[in-house]
>>> print(open('upload01.txt').read())   # compact mmCIF, C-alpha atoms and all ligand atoms
# COMPACT_ATOMS: atom_id res chain seq x y z
CA MET A 2 -97.94 40.43 167.82
CA ASN A 3 -95.66 37.38 168.10
CA LYS A 4 -96.44 34.70 170.62
CA SER A 5 -93.97 34.33 173.46
CA LEU A 6 -92.02 31.44 174.94
CA LEU A 7 -90.25 31.59 178.30
CA LEU A 8 -87.56 28.95 178.92
CA LEU A 9 -86.55 28.41 182.56
CA CYS A 10 -83.52 26.55 183.91
CA GLN A 11 -81.73 26.30 187.25
CA GLU A 12 -79.20 29.12 187.48
CA ALA A 13 -75.55 28.07 187.15
CA LYS A 14 -72.16 29.53 186.31
CA VAL A 15 -72.20 27.72 182.96
CA GLU A 16 -74.40 29.29 180.28
CA PRO A 17 -77.63 27.40 179.37
CA LEU A 18 -76.37 26.12 176.03
CA GLY A 19 -79.18 23.60 175.42
CA LEU A 20 -81.83 26.30 175.79
CA MET A 21 -79.93 28.59 173.41
CA HIS A 22 -80.06 25.80 170.80
CA LEU A 23 -83.85 25.60 171.37
CA ALA A 24 -84.26 29.39 171.25
CA ALA A 25 -82.88 29.26 167.70
CA VAL A 26 -85.75 26.93 166.76
CA SER A 27 -88.52 28.96 168.40
CA GLU A 28 -87.24 32.26 166.97
CA ASP A 29 -87.13 30.63 163.56
CA GLU A 30 -90.81 29.75 164.08
CA GLY A 31 -91.56 33.43 164.81
CA TRP A 32 -91.87 33.21 168.60
CA ASP A 33 -90.42 35.82 170.96
CA THR A 34 -88.18 33.74 173.20
CA THR A 35 -86.67 34.53 176.59
CA ILE A 36 -84.26 32.31 178.51
CA LYS A 37 -84.26 32.86 182.25
CA PRO A 38 -81.99 31.08 184.75
CA VAL A 39 -83.77 30.95 188.12
CA ASP A 40 -83.26 29.29 191.49
CA PHE A 41 -86.05 26.74 191.80
CA ASN A 42 -85.28 26.52 195.52
CA GLU A 43 -86.39 30.12 195.97
CA GLY A 44 -90.05 31.05 196.20
CA PHE A 45 -92.21 31.14 193.09
CA TYR A 46 -92.12 34.46 191.24
CA SER A 47 -94.98 35.88 189.23
CA GLU A 48 -93.24 38.10 186.67
CA ASP A 49 -93.14 36.96 183.04
CA VAL A 50 -96.02 34.53 183.50
CA ALA A 51 -97.81 36.32 180.67
CA SER A 52 -95.78 34.18 178.24
CA ASP A 53 -97.95 31.91 176.11
CA ILE A 54 -95.84 28.85 176.87
CA ILE A 55 -93.40 28.30 179.73
CA GLY A 56 -90.74 25.63 179.29
CA PHE A 57 -88.70 23.97 182.05
CA SER A 58 -85.33 22.29 181.63
CA LEU A 59 -85.08 19.71 184.42
CA TYR A 60 -82.38 17.58 185.94
CA THR A 61 -82.82 15.29 188.93
CA GLY A 62 -82.39 17.21 192.17
CA ILE A 63 -84.34 20.31 191.15
CA HIS A 64 -87.35 18.36 189.86
CA LYS A 65 -89.41 18.45 193.08
CA ARG A 66 -89.20 22.23 193.45
CA ALA A 67 -89.76 22.76 189.75
CA TYR A 68 -92.95 20.65 189.93
CA GLN A 69 -94.29 23.14 192.48
CA TRP A 70 -93.57 26.00 190.09
CA MET A 71 -95.28 24.12 187.26
CA GLY A 72 -98.34 23.49 189.41
CA ARG A 73 -98.67 27.18 190.29
CA LEU A 74 -98.31 28.22 186.66
CA ARG A 75 -100.91 25.74 185.47
CA GLU A 76 -103.30 26.90 188.20
CA ILE A 77 -103.24 30.36 186.65
CA GLY A 78 -103.82 28.98 183.18
CA ARG A 79 -100.29 28.89 181.76
CA ARG A 80 -99.24 26.15 179.34
CA VAL A 81 -96.23 24.29 180.72
CA ILE A 82 -93.77 22.14 178.76
CA VAL A 83 -90.82 20.25 180.20
CA GLY A 84 -87.63 18.68 178.84
CA GLY A 85 -84.05 17.96 179.91
CA PRO A 86 -82.48 14.82 181.44
CA HIS A 87 -85.09 14.25 184.18
CA ALA A 88 -87.99 14.58 181.74
CA SER A 89 -86.25 12.28 179.25
CA TYR A 90 -85.86 9.46 181.77
CA PHE A 91 -89.06 10.00 183.78
CA PRO A 92 -91.58 11.23 181.19
CA LYS A 93 -94.65 9.71 182.86
CA GLU A 94 -93.84 11.31 186.18
CA CYS A 95 -93.26 14.68 184.47
CA ALA A 96 -96.51 14.31 182.51
CA GLU A 97 -98.39 14.59 185.83
CA HIS A 98 -97.00 18.11 186.23
CA ALA A 99 -96.79 19.50 182.69
CA ASP A 100 -98.96 19.81 179.59
CA VAL A 101 -96.28 18.39 177.29
CA VAL A 102 -93.12 16.37 177.98
CA VAL A 103 -90.15 16.22 175.61
CA VAL A 104 -87.97 13.09 175.63
CA GLY A 105 -84.45 13.43 174.23
CA ARG A 106 -83.48 16.12 171.73
CA GLY A 107 -85.91 19.04 171.86
CA GLN A 108 -85.76 20.69 168.43
CA GLU A 109 -88.37 18.71 166.50
CA PRO A 110 -90.74 18.33 169.51
CA LEU A 111 -90.57 22.09 170.12
CA ARG A 112 -91.58 22.78 166.52
CA GLN A 113 -94.58 20.47 166.97
CA ILE A 114 -95.57 22.17 170.21
CA LEU A 115 -95.28 25.71 168.84
CA SER A 116 -97.28 24.85 165.74
CA GLY A 117 -99.92 23.03 167.83
CA ASN A 118 -99.40 19.83 165.82
CA MET A 119 -98.44 17.48 168.62
CA LYS A 120 -99.63 13.93 168.30
CA SER A 121 -99.29 13.03 171.99
CA LYS A 122 -98.54 14.50 175.39
CA ILE A 123 -95.10 12.86 175.46
CA ILE A 124 -93.02 13.64 172.36
CA CYS A 125 -89.72 11.96 171.46
CA GLY A 126 -86.94 13.91 169.78
CA ASN A 127 -85.44 13.27 166.38
CA ASN A 128 -81.82 12.20 166.86
CA THR A 129 -80.76 12.58 163.24
CA GLU A 130 -81.63 16.25 162.75
CA PRO A 131 -78.52 18.48 162.87
CA LEU A 132 -78.32 20.72 165.91
CA SER A 133 -79.32 24.32 165.16
CA ILE A 134 -76.78 27.12 165.67
CA PRO A 135 -77.64 28.46 169.15
CA SER A 136 -79.30 31.85 169.51
CA ARG A 137 -77.22 33.75 172.08
CA LYS A 138 -77.98 37.39 171.29
CA GLY A 139 -81.11 37.89 173.41
CA PHE A 140 -79.71 35.94 176.33
CA TYR A 141 -76.41 37.87 176.37
CA ALA A 142 -78.33 41.17 176.15
CA ASN A 143 -80.37 40.22 179.24
CA TYR A 144 -77.44 38.67 181.12
CA PRO A 145 -74.24 40.62 180.33
CA ASP A 146 -72.20 38.63 182.86
CA TYR A 147 -72.57 35.54 180.70
CA LYS A 148 -71.62 37.58 177.62
CA ALA A 149 -68.55 38.93 179.43
CA SER A 150 -67.36 35.50 180.49
CA PRO A 151 -64.07 34.58 178.73
CA ILE A 152 -65.19 30.93 178.63
CA LYS A 153 -68.10 29.94 176.40
CA SER A 154 -69.76 26.56 175.93
CA MET A 155 -70.25 24.62 172.72
CA MET A 156 -71.15 21.04 171.77
CA ALA A 157 -69.16 19.27 169.04
CA SER A 158 -70.95 15.95 169.52
CA LEU A 159 -74.02 14.63 171.29
CA GLY A 160 -74.49 11.46 173.31
CA CYS A 161 -72.15 8.77 174.57
CA PRO A 162 -71.81 5.06 173.65
CA TYR A 163 -70.79 3.94 177.17
CA LYS A 164 -72.92 2.66 180.05
CA CYS A 165 -71.35 3.71 183.35
CA SER A 166 -73.54 2.30 186.12
CA TYR A 167 -74.15 5.70 187.77
CA CYS A 168 -75.20 7.42 184.54
CA TYR A 169 -78.70 7.50 183.04
CA ASN A 170 -77.07 5.83 180.00
CA SER A 171 -77.08 2.60 182.07
CA MET A 172 -80.89 2.82 182.16
CA LYS A 173 -81.54 3.53 178.51
CA ARG A 174 -79.53 5.19 175.75
CA ILE A 175 -81.72 8.08 174.62
CA PHE A 176 -78.98 10.18 173.08
CA PRO A 177 -76.94 8.16 170.50
CA HIS A 178 -73.47 9.50 169.76
CA ARG A 179 -73.32 11.93 166.83
CA SER A 180 -70.65 14.42 165.83
CA ARG A 181 -71.72 17.81 164.51
CA ASP A 182 -70.72 19.17 161.14
CA VAL A 183 -67.39 21.01 161.46
CA GLY A 184 -68.69 23.76 159.17
CA ASP A 185 -71.60 24.38 161.59
CA LEU A 186 -69.14 24.69 164.47
CA LEU A 187 -67.13 27.29 162.55
CA VAL A 188 -70.29 29.31 161.82
CA GLU A 189 -71.25 29.11 165.50
CA LEU A 190 -67.79 30.24 166.58
CA GLU A 191 -67.83 33.18 164.18
CA GLN A 192 -71.23 34.32 165.50
CA LEU A 193 -69.99 33.91 169.05
CA GLU A 194 -66.84 35.96 168.46
CA ASN A 195 -68.90 38.73 166.83
CA LEU A 196 -71.30 38.80 169.79
CA SER A 197 -68.72 38.56 172.54
CA GLN A 198 -65.18 39.75 171.87
CA GLU A 199 -64.40 38.75 175.47
CA THR A 200 -64.39 35.07 174.46
CA GLN A 201 -60.97 33.49 175.05
CA LEU A 202 -61.71 29.79 175.37
CA ILE A 203 -64.40 27.35 174.24
CA TYR A 204 -65.42 24.63 176.70
CA PHE A 205 -66.75 21.71 174.65
CA GLN A 206 -69.48 20.15 176.79
CA ASP A 207 -69.42 16.81 174.89
CA ASP A 208 -69.46 13.68 177.03
CA VAL A 209 -66.64 12.20 174.94
CA PHE A 210 -64.86 14.70 172.69
CA GLY A 211 -62.81 13.59 169.70
CA MET A 212 -63.79 9.92 169.77
CA ASP A 213 -64.11 9.72 165.97
CA LEU A 214 -60.62 10.15 164.50
CA THR A 215 -61.86 10.91 160.97
CA TRP A 216 -64.02 13.73 162.34
CA LEU A 217 -61.15 14.97 164.52
CA GLN A 218 -58.83 15.04 161.51
CA GLU A 219 -61.19 17.39 159.65
CA PHE A 220 -61.76 19.44 162.82
CA ALA A 221 -57.99 19.85 163.31
CA GLU A 222 -57.58 21.06 159.74
CA ARG A 223 -60.30 23.72 160.04
CA TRP A 224 -60.48 24.81 163.71
CA SER A 225 -57.82 26.86 165.51
CA PHE A 226 -59.53 28.58 168.49
CA PRO A 227 -58.30 27.59 172.01
CA TYR A 228 -60.55 25.06 173.74
CA HIS A 229 -60.92 22.64 176.65
CA ALA A 230 -62.77 19.34 176.23
CA GLN A 231 -63.98 16.30 178.16
CA THR A 232 -63.05 12.78 177.12
CA ARG A 233 -62.20 9.32 178.49
CA ILE A 234 -58.73 8.07 179.36
CA GLU A 235 -59.02 5.11 176.94
CA PHE A 236 -58.78 7.63 174.10
CA LEU A 237 -55.57 9.14 175.47
CA ASP A 238 -53.55 6.06 176.41
CA PRO A 239 -50.31 6.43 174.40
CA GLN A 240 -49.87 2.65 174.26
CA LYS A 241 -52.37 2.85 171.38
CA GLU A 242 -51.32 4.38 168.10
CA SER A 243 -54.81 5.86 167.66
CA ALA A 244 -54.47 7.71 170.98
CA ARG A 245 -51.09 9.16 170.02
CA LYS A 246 -52.62 10.36 166.76
CA ARG A 247 -55.65 11.77 168.63
CA ILE A 248 -53.48 13.73 171.05
CA ALA A 249 -51.50 15.20 168.14
CA LEU A 250 -54.77 16.27 166.46
CA LEU A 251 -56.09 17.75 169.71
CA LYS A 252 -52.92 19.81 170.01
CA LYS A 253 -53.01 20.92 166.40
CA SER A 254 -56.64 22.08 166.69
CA GLY A 255 -56.04 24.33 169.71
CA CYS A 256 -56.89 22.08 172.64
CA THR A 257 -55.24 23.54 175.74
CA GLY A 258 -56.63 21.11 178.28
CA LEU A 259 -58.73 18.02 178.91
CA THR A 260 -61.08 16.82 181.63
CA VAL A 261 -61.04 13.09 182.38
CA ALA A 262 -62.86 11.18 185.11
CA ILE A 263 -60.90 8.94 187.49
CA GLU A 264 -63.99 8.58 189.74
CA THR A 265 -62.14 6.29 192.17
CA ALA A 266 -58.60 4.95 192.58
CA ASN A 267 -59.99 1.53 193.53
CA GLU A 268 -59.87 -0.45 190.27
CA THR A 269 -62.22 -3.15 191.56
CA VAL A 270 -64.86 -0.61 192.59
CA ARG A 271 -64.35 1.28 189.34
CA LYS A 272 -64.89 -1.86 187.27
CA ASP A 273 -67.43 -3.86 189.28
CA VAL A 274 -69.50 -1.05 190.81
CA LEU A 275 -69.11 1.83 188.33
CA GLY A 276 -68.81 -0.20 185.11
CA ARG A 277 -65.57 1.49 184.00
CA THR A 278 -62.76 -0.84 182.97
CA MET A 279 -59.79 1.53 182.62
CA THR A 280 -56.69 0.82 184.73
CA ASN A 281 -54.82 3.26 186.97
CA GLU A 282 -51.70 2.71 184.87
CA ALA A 283 -53.52 4.14 181.86
CA PHE A 284 -53.91 7.46 183.73
CA PHE A 285 -50.19 7.57 184.56
CA ARG A 286 -49.19 6.81 180.96
CA ALA A 287 -51.64 9.31 179.46
CA PHE A 288 -50.82 12.13 181.89
CA ASP A 289 -47.10 11.66 181.28
CA TRP A 290 -47.66 11.93 177.52
CA LEU A 291 -50.00 14.93 177.88
CA SER A 292 -47.68 16.70 180.30
CA MET A 293 -44.78 16.47 177.84
CA ARG A 294 -47.03 18.15 175.27
CA ASN A 295 -48.08 20.97 177.62
CA PHE A 296 -51.73 20.04 178.07
CA LYS A 297 -53.59 21.06 181.23
CA VAL A 298 -55.73 18.35 182.82
CA ARG A 299 -58.64 18.37 185.22
CA THR A 300 -59.57 15.09 186.90
CA GLU A 301 -63.03 14.31 188.22
CA GLN A 302 -63.87 11.95 191.07
CA MET A 303 -66.92 10.94 193.06
CA LEU A 304 -66.52 10.73 196.82
CA GLY A 305 -68.84 8.70 199.05
CA LEU A 306 -69.19 5.71 196.74
CA PRO A 307 -71.05 2.66 198.08
CA THR A 308 -68.06 0.86 199.62
CA PRO A 309 -67.61 -0.61 203.11
CA ASP A 310 -65.10 2.11 204.11
CA PRO A 311 -65.96 5.15 201.96
CA LEU A 312 -63.54 7.59 203.64
CA GLU A 313 -60.59 5.26 203.03
CA THR A 314 -61.69 4.86 199.39
CA ASP A 315 -61.82 8.65 199.06
CA LEU A 316 -58.39 9.12 200.64
CA ASP A 317 -56.95 6.57 198.19
CA THR A 318 -58.43 8.57 195.32
CA LEU A 319 -56.82 11.73 196.63
CA LYS A 320 -53.52 9.84 196.99
CA MET A 321 -53.72 8.75 193.35
CA ASN A 322 -54.13 12.39 192.26
CA VAL A 323 -51.17 13.43 194.42
CA GLU A 324 -49.01 10.64 192.97
CA LEU A 325 -50.07 11.43 189.41
CA ARG A 326 -49.08 15.04 189.97
CA ARG A 327 -45.76 14.10 191.55
CA GLU A 328 -44.85 11.69 188.74
CA THR A 329 -46.29 13.45 185.69
CA GLY A 330 -46.97 17.07 186.70
CA LEU A 331 -50.71 16.53 186.08
CA PRO A 332 -53.56 16.96 186.96
CA THR A 333 -53.55 20.74 186.97
CA MET A 334 -56.72 20.56 189.03
CA ALA A 335 -58.61 17.75 190.77
CA TRP A 336 -62.38 18.21 191.04
CA ALA A 337 -64.48 16.15 193.44
CA SER A 338 -68.22 15.73 193.80
CA VAL A 339 -70.28 13.70 196.27
CA PHE A 340 -71.91 10.65 194.71
CA VAL A 341 -75.72 10.50 194.28
CA PRO A 342 -77.40 7.23 193.17
CA TYR A 343 -79.85 8.39 190.50
CA LYS A 344 -83.08 6.45 190.42
CA GLY A 345 -83.29 3.75 187.75
CA THR A 346 -79.53 3.52 187.16
CA GLU A 347 -77.65 0.27 187.72
CA ILE A 348 -75.85 1.67 190.74
CA TRP A 349 -79.14 2.82 192.29
CA ARG A 350 -80.26 -0.82 192.25
CA TYR A 351 -76.86 -1.91 193.60
CA CYS A 352 -77.16 0.59 196.48
CA LYS A 353 -80.64 -0.67 197.31
CA GLU A 354 -79.63 -4.33 197.18
CA HIS A 355 -76.60 -3.73 199.41
CA GLY A 356 -78.34 -1.48 201.93
CA TYR A 357 -76.56 1.76 201.01
CA TYR A 358 -79.70 3.64 199.97
CA ASN A 359 -83.44 3.16 200.18
CA GLY A 360 -84.70 6.41 198.68
CA GLU A 361 -86.48 7.34 195.46
CA ASN A 362 -84.41 10.52 194.90
CA ASP A 363 -86.80 12.84 196.75
CA ASP A 364 -83.65 13.67 198.72
CA ALA A 365 -81.40 14.15 195.65
CA PRO A 366 -79.58 17.47 196.09
CA ALA A 367 -79.63 20.24 193.49
CA SER A 368 -75.82 20.31 193.28
CA PHE A 369 -73.02 17.73 193.22
CA PHE A 370 -71.42 19.09 196.38
CA GLU A 371 -73.96 18.44 199.13
CA LYS A 372 -73.74 15.84 201.90
CA SER A 373 -74.11 12.21 200.86
CA VAL A 374 -77.63 10.75 200.77
CA LEU A 375 -76.33 7.21 201.36
CA ASN A 376 -76.81 5.38 204.65
CA PHE A 377 -73.50 6.50 206.16
CA SER A 378 -73.25 7.96 209.67
CA ASP A 379 -73.69 11.73 210.02
CA ASP A 380 -70.10 12.02 211.22
CA CYS A 381 -68.83 10.17 208.14
CA LYS A 382 -70.94 12.41 205.87
CA ASP A 383 -69.52 15.56 207.49
CA ARG A 384 -65.93 14.35 207.03
CA MET A 385 -66.64 13.31 203.44
CA LYS A 386 -68.14 16.72 202.67
CA TRP A 387 -65.08 18.42 204.14
CA LEU A 388 -62.85 16.27 201.95
CA ALA A 389 -64.91 17.08 198.85
CA ASP A 390 -64.81 20.82 199.63
CA ASN A 391 -61.01 20.78 200.03
CA PHE A 392 -60.04 18.09 197.51
CA HIS A 393 -58.76 20.54 194.87
CA LEU A 394 -56.43 22.16 197.44
CA LEU A 395 -55.21 18.92 198.99
CA ALA A 396 -54.35 17.48 195.57
CA LEU A 397 -51.93 20.39 195.01
CA ILE A 398 -50.02 19.88 198.28
CA PRO A 399 -47.02 17.52 198.13
CA ASN A 400 -48.23 14.38 199.95
CA GLY A 401 -51.54 16.17 200.47
CA HIS A 402 -53.25 12.84 201.15
CA LYS A 403 -51.30 12.67 204.43
CA VAL A 404 -52.61 16.09 205.45
CA ALA A 405 -56.10 14.95 204.48
CA ARG A 406 -55.81 11.80 206.55
CA GLN A 407 -54.77 13.80 209.62
CA ALA A 408 -57.56 16.30 209.08
CA VAL A 409 -60.33 13.85 208.24
CA TYR A 410 -59.67 11.76 211.33
CA ASN A 411 -59.02 14.74 213.64
CA ASP A 412 -59.93 18.43 213.49
CA MET A 413 -61.22 19.08 209.99
CA LYS A 414 -61.20 22.84 210.32
CA ASP A 415 -57.48 23.29 210.82
CA LEU A 416 -56.30 22.73 207.23
CA ALA A 417 -54.08 25.84 207.03
CA SER A 418 -52.10 25.02 210.15
CA LEU A 419 -51.91 21.28 209.39
CA THR A 420 -50.57 22.10 205.94
CA LYS A 421 -47.99 24.52 207.31
CA TYR A 422 -46.53 21.97 209.73
CA HIS A 423 -46.72 19.21 207.12
CA LEU A 424 -44.72 21.37 204.68
CA TYR A 425 -42.13 22.17 207.37
CA ASP A 426 -41.65 18.74 208.88
CA SER A 427 -42.36 16.24 206.14
CA GLU A 428 -41.45 18.20 203.05
CA LEU A 429 -38.80 20.80 204.03
CA TYR A 430 -36.90 19.10 206.88
CA GLY A 431 -37.82 15.54 205.92
CA VAL A 432 -38.34 14.40 209.51
CA LYS A 433 -40.97 11.99 210.77
CA LYS A 434 -43.11 12.56 213.84
S1 LIG B 1 -68.76 8.25 179.91
FE1 LIG B 1 -69.98 9.85 180.92
S2 LIG B 1 -71.78 10.17 179.63
FE2 LIG B 1 -70.84 8.22 179.02
S3 LIG B 1 -71.93 6.65 180.20
FE3 LIG B 1 -70.11 7.22 181.37
S4 LIG B 1 -70.79 8.87 182.76
FE4 LIG B 1 -72.36 8.64 181.15
>>> encode(input="upload01.txt", output="structure tokens")
Amino acid sequence: MNKSLLLLCQEAKVEPLGLMHLAAVSEDEGWDTTIKPVDFNEGFYSEDVASDIIGFSLYTGIHKRAYQWMGRLREIGRRVIVGGPHASYFPKECAEHADVVVVGRGQEPLRQILSGNMKSKIICGNNTEPLSIPSRKGFYANYPDYKASPIKSMMASLGCPYKCSYCYNSMKRIFPHRSRDVGDLLVELEQLENLSQETQLIYFQDDVFGMDLTWLQEFAERWSFPYHAQTRIEFLDPQKESARKRIALLKKSGCTGLTVAIETANETVRKDVLGRTMTNEAFFRAFDWLSMRNFKVRTEQMLGLPTPDPLETDLDTLKMNVELRRETGLPTMAWASVFVPYKGTEIWRYCKEHGYYNGENDDAPASFFEKSVLNFSDDCKDRMKWLADNFHLLALIPNGHKVARQAVYNDMKDLASLTKYHLYDSELYGVKK
């Protein structure tokens, strides 16, 4: 009988792509492998604990609850391994709760673990090994909703060369940037289409898609399936010839839309606090160019940044999205999260030095949409959370930042009625009150 491996991750709408890449490795080694998304915030469950090895994929925010699960499993004699971003950046802490910790890419360490040939309790991944084609069949059989989803995830490259202050990359670069072989991506797509005819769009989960123009040229010649990808605005600024060429290649290869992070409209905060040097003008130029070529765009922003007047900073960011949309027709959608200062990052130190935060991330939430953990007043946190929850709607309303300002500083619950009267008075009749 084959040995068995159970891989656990926090449940999410997006399929657990990283674990499917690892499942390909363990199945290749002859292990029966099951991927199970769970809610670590729920009570511990006892089914499936007969597996020979139980692996956890951890990110900061679920780590505390997951440690409790690991402890219970080890008490009953299970062998526990852990990987993922939190384990990669805090391996010693994780080693107190698991039998083996994987730092970085998991393929080679997993092979060592399954064959019992590990040389230490903390194993570092091999960054040069090509990524295996993910094993999706078993997971889709157990979770048909993921199979039926029209949007599937893939990775065309790993890692990122930048060092934004709020990202673990500012602490240490564990994942160097590497593009995958285009032929491997085509094999993966073919397998995916055979498994799930429902697939209509690929979401490339890369941190920075299409950075390497030579790679993108080959990709554009061989790939034609519709996709959405994440990148940085520097690569889309039409002032640069390389960006104009990149956008043409993105279009040719089937890219229907792009996600880019604004993070904040305040250029000084963006540069000095977040470590991102792009200008606001670059967003206007790029969106104009993309709009004329029928791309969809999603923007991302973090609300509740460590600034003296965080609500005003957030309202300015909303205003920038509204103005971008008015002048260029984009973004199609504006996504907002609430900022969390992850331990060890540059901005975590900044927050501590400037009195915005004194925690060690025991309070880090499991999602990006919870109330701020910074030292703001409770009232400010409530208003910020309301703004984050409604940001995508407000960005679609003409002059939606004015509605937001009224709501944030008055009755936050009355968005529908505020919007109605705003549309009548300010937009339809053009009168001022
Ligand atoms: S671009 Fe994204 S992945 Fe790269 S350092 Fe910045 S936040 Fe991290």
>>> residues_near_ligand(input="upload01.txt", ligand="ligand LIG 1 (chain B)", cutoff="9 Å", atoms="all atoms listed in the file", output="ChimeraX atom specification")
/A:160-171,174,207-209,232-233,262,275-277
>>> residues_around(input="upload01.txt", residues="Ala230 in chain A", least_positions_apart="4", cutoff="9 Å", atoms="all atoms listed in the file", output="list of chain:residue names")
A:Ile203, A:Tyr204, A:Phe205, A:Gln206, A:Asp207, A:Asp208, A:Val209, A:Phe210, A:Gly211, A:Cys256, A:Thr257, A:Gly258, A:Leu259, A:Thr260, A:Val261
>>> residues_around(input="upload01.txt", residues="Ala24 in chain A", least_positions_apart="6", cutoff="12 Å", atoms="only C-alpha atoms", output="NGL selection string")
:A and (5-9 or 17-18 or 30-37 or 56 or 107-108 or 111-112 or 115 or 132-140)
>>> residues_around(input="upload01.txt", residues="range 297-302 of chain A", least_positions_apart="3", cutoff="8 Å", atoms="only C-alpha atoms", output="CSV table (one decimal) with C-alpha atoms, keeping the file's coordinate frame")
chain,number,residue,atom,x,y,z
A,257,THR,CA,-55.2,23.5,175.7
A,258,GLY,CA,-56.6,21.1,178.3
A,259,LEU,CA,-58.7,18.0,178.9
A,260,THR,CA,-61.1,16.8,181.6
A,261,VAL,CA,-61.0,13.1,182.4
A,262,ALA,CA,-62.9,11.2,185.1
A,263,ILE,CA,-60.9,8.9,187.5
A,264,GLU,CA,-64.0,8.6,189.7
A,265,THR,CA,-62.1,6.3,192.2
A,288,PHE,CA,-50.8,12.1,181.9
A,291,LEU,CA,-50.0,14.9,177.9
A,292,SER,CA,-47.7,16.7,180.3
A,318,THR,CA,-58.4,8.6,195.3
A,331,LEU,CA,-50.7,16.5,186.1
A,332,PRO,CA,-53.6,17.0,187.0
A,333,THR,CA,-53.6,20.7,187.0
A,334,MET,CA,-56.7,20.6,189.0
A,335,ALA,CA,-58.6,17.8,190.8
A,336,TRP,CA,-62.4,18.2,191.0
A,337,ALA,CA,-64.5,16.2,193.4
A,338,SER,CA,-68.2,15.7,193.8
>>> residues_around(input="upload01.txt", residues="Glu194 in chain A", least_positions_apart="6", cutoff="12 Å", atoms="only C-alpha atoms", output="PyMOL selection string")
chain A and resi 137-138+148-149+151-153+187-188+200-203+226
>>> closest_residue(input="upload01.txt", among="A:Glu428, A:Asp146, A:Asp273, A:Asp185", to="Tyr351 in chain A", atoms="only C-alpha atoms")
A:Asp273
>>> residues_around(input="upload01.txt", residues="Arg350 in chain A", least_positions_apart="3", cutoff="12 Å", atoms="only C-alpha atoms", output="list in words")
Ser166, Tyr167, Ser171, Met172, Val274, Pro307, Pro342, Tyr343, Lys344, Gly345, Thr346, Glu347, Lys353, Glu354, His355, Gly356, Tyr357, Tyr358, Asn359, Gly360 and Glu361 of chain A
>>> atom_distance(input="upload01.txt", atom1="CA of Thr215 in chain A", atom2="CA of Glu282 in chain A")
27.2 Å
>>> atom_distance(input="upload01.txt", atom1="CA of Leu419 in chain A", atom2="CA of Leu388 in chain A")
14.1 Å
>>> closest_residue(input="upload01.txt", among="A:Met155, A:Ala365, A:Leu196, A:Ala408", to="Glu16 in chain A", atoms="only C-alpha atoms")
A:Met155
>>> closest_residue(input="upload01.txt", among="A:Val404, A:Leu306, A:Ile82, A:Ile398", to="Met385 in chain A", atoms="all atoms listed in the file")
A:Leu306
>>> residues_near_point(input="upload01.txt", point="(-97.8, 19.2, 184.5)", cutoff="8 Å", atoms="all atoms listed in the file", output="PyMOL selection string")
chain A and resi 68+71-72+75+81-82+95-101
>>> atom_distance(input="upload01.txt", atom1="CA of Ile348 in chain A", atom2="CA of Thr308 in chain A")
11.8 Å
>>> closest_residue(input="upload01.txt", among="A:Phe57, A:Trp70, A:Gly62, A:Pro309", to="Gly84 in chain A", atoms="all atoms listed in the file")
A:Phe57
>>> decode(input="upload01.txt", residues="range 401-410 of chain A", atoms="N, CA and C atoms", output="PDB file, in the first residue's frame")
ATOM      1  N   GLY A 401     -17.274  59.724  -6.980  1.00  0.00           N
ATOM      2  CA  GLY A 401     -17.577  58.853  -5.835  1.00  0.00           C
ATOM      3  C   GLY A 401     -16.793  59.212  -4.580  1.00  0.00           C
ATOM      4  N   HIS A 402     -15.648  59.883  -4.762  1.00  0.00           N
ATOM      5  CA  HIS A 402     -14.875  60.289  -3.577  1.00  0.00           C
ATOM      6  C   HIS A 402     -15.639  61.316  -2.752  1.00  0.00           C
ATOM      7  N   LYS A 403     -16.531  62.096  -3.422  1.00  0.00           N
ATOM      8  CA  LYS A 403     -17.321  63.077  -2.661  1.00  0.00           C
ATOM      9  C   LYS A 403     -18.382  62.364  -1.826  1.00  0.00           C
ATOM     10  N   VAL A 404     -18.970  61.325  -2.401  1.00  0.00           N
ATOM     11  CA  VAL A 404     -19.936  60.513  -1.637  1.00  0.00           C
ATOM     12  C   VAL A 404     -19.220  59.879  -0.450  1.00  0.00           C
ATOM     13  N   ALA A 405     -18.025  59.357  -0.717  1.00  0.00           N
ATOM     14  CA  ALA A 405     -17.266  58.690   0.345  1.00  0.00           C
ATOM     15  C   ALA A 405     -16.949  59.662   1.475  1.00  0.00           C
ATOM     16  N   ARG A 406     -16.562  60.874   1.102  1.00  0.00           N
ATOM     17  CA  ARG A 406     -16.211  61.862   2.130  1.00  0.00           C
ATOM     18  C   ARG A 406     -17.416  62.154   3.021  1.00  0.00           C
ATOM     19  N   GLN A 407     -18.581  62.332   2.377  1.00  0.00           N
ATOM     20  CA  GLN A 407     -19.801  62.589   3.152  1.00  0.00           C
ATOM     21  C   GLN A 407     -20.102  61.421   4.082  1.00  0.00           C
ATOM     22  N   ALA A 408     -19.967  60.208   3.532  1.00  0.00           N
ATOM     23  CA  ALA A 408     -20.321  59.014   4.304  1.00  0.00           C
ATOM     24  C   ALA A 408     -19.329  58.774   5.436  1.00  0.00           C
ATOM     25  N   VAL A 409     -18.046  58.880   5.116  1.00  0.00           N
ATOM     26  CA  VAL A 409     -17.015  58.548   6.108  1.00  0.00           C
ATOM     27  C   VAL A 409     -17.078  59.495   7.305  1.00  0.00           C
ATOM     28  N   TYR A 410     -17.429  60.759   7.032  1.00  0.00           N
ATOM     29  CA  TYR A 410     -17.462  61.706   8.141  1.00  0.00           C
ATOM     30  C   TYR A 410     -18.868  61.888   8.719  1.00  0.00           C
TER      31      TYR A 410
END
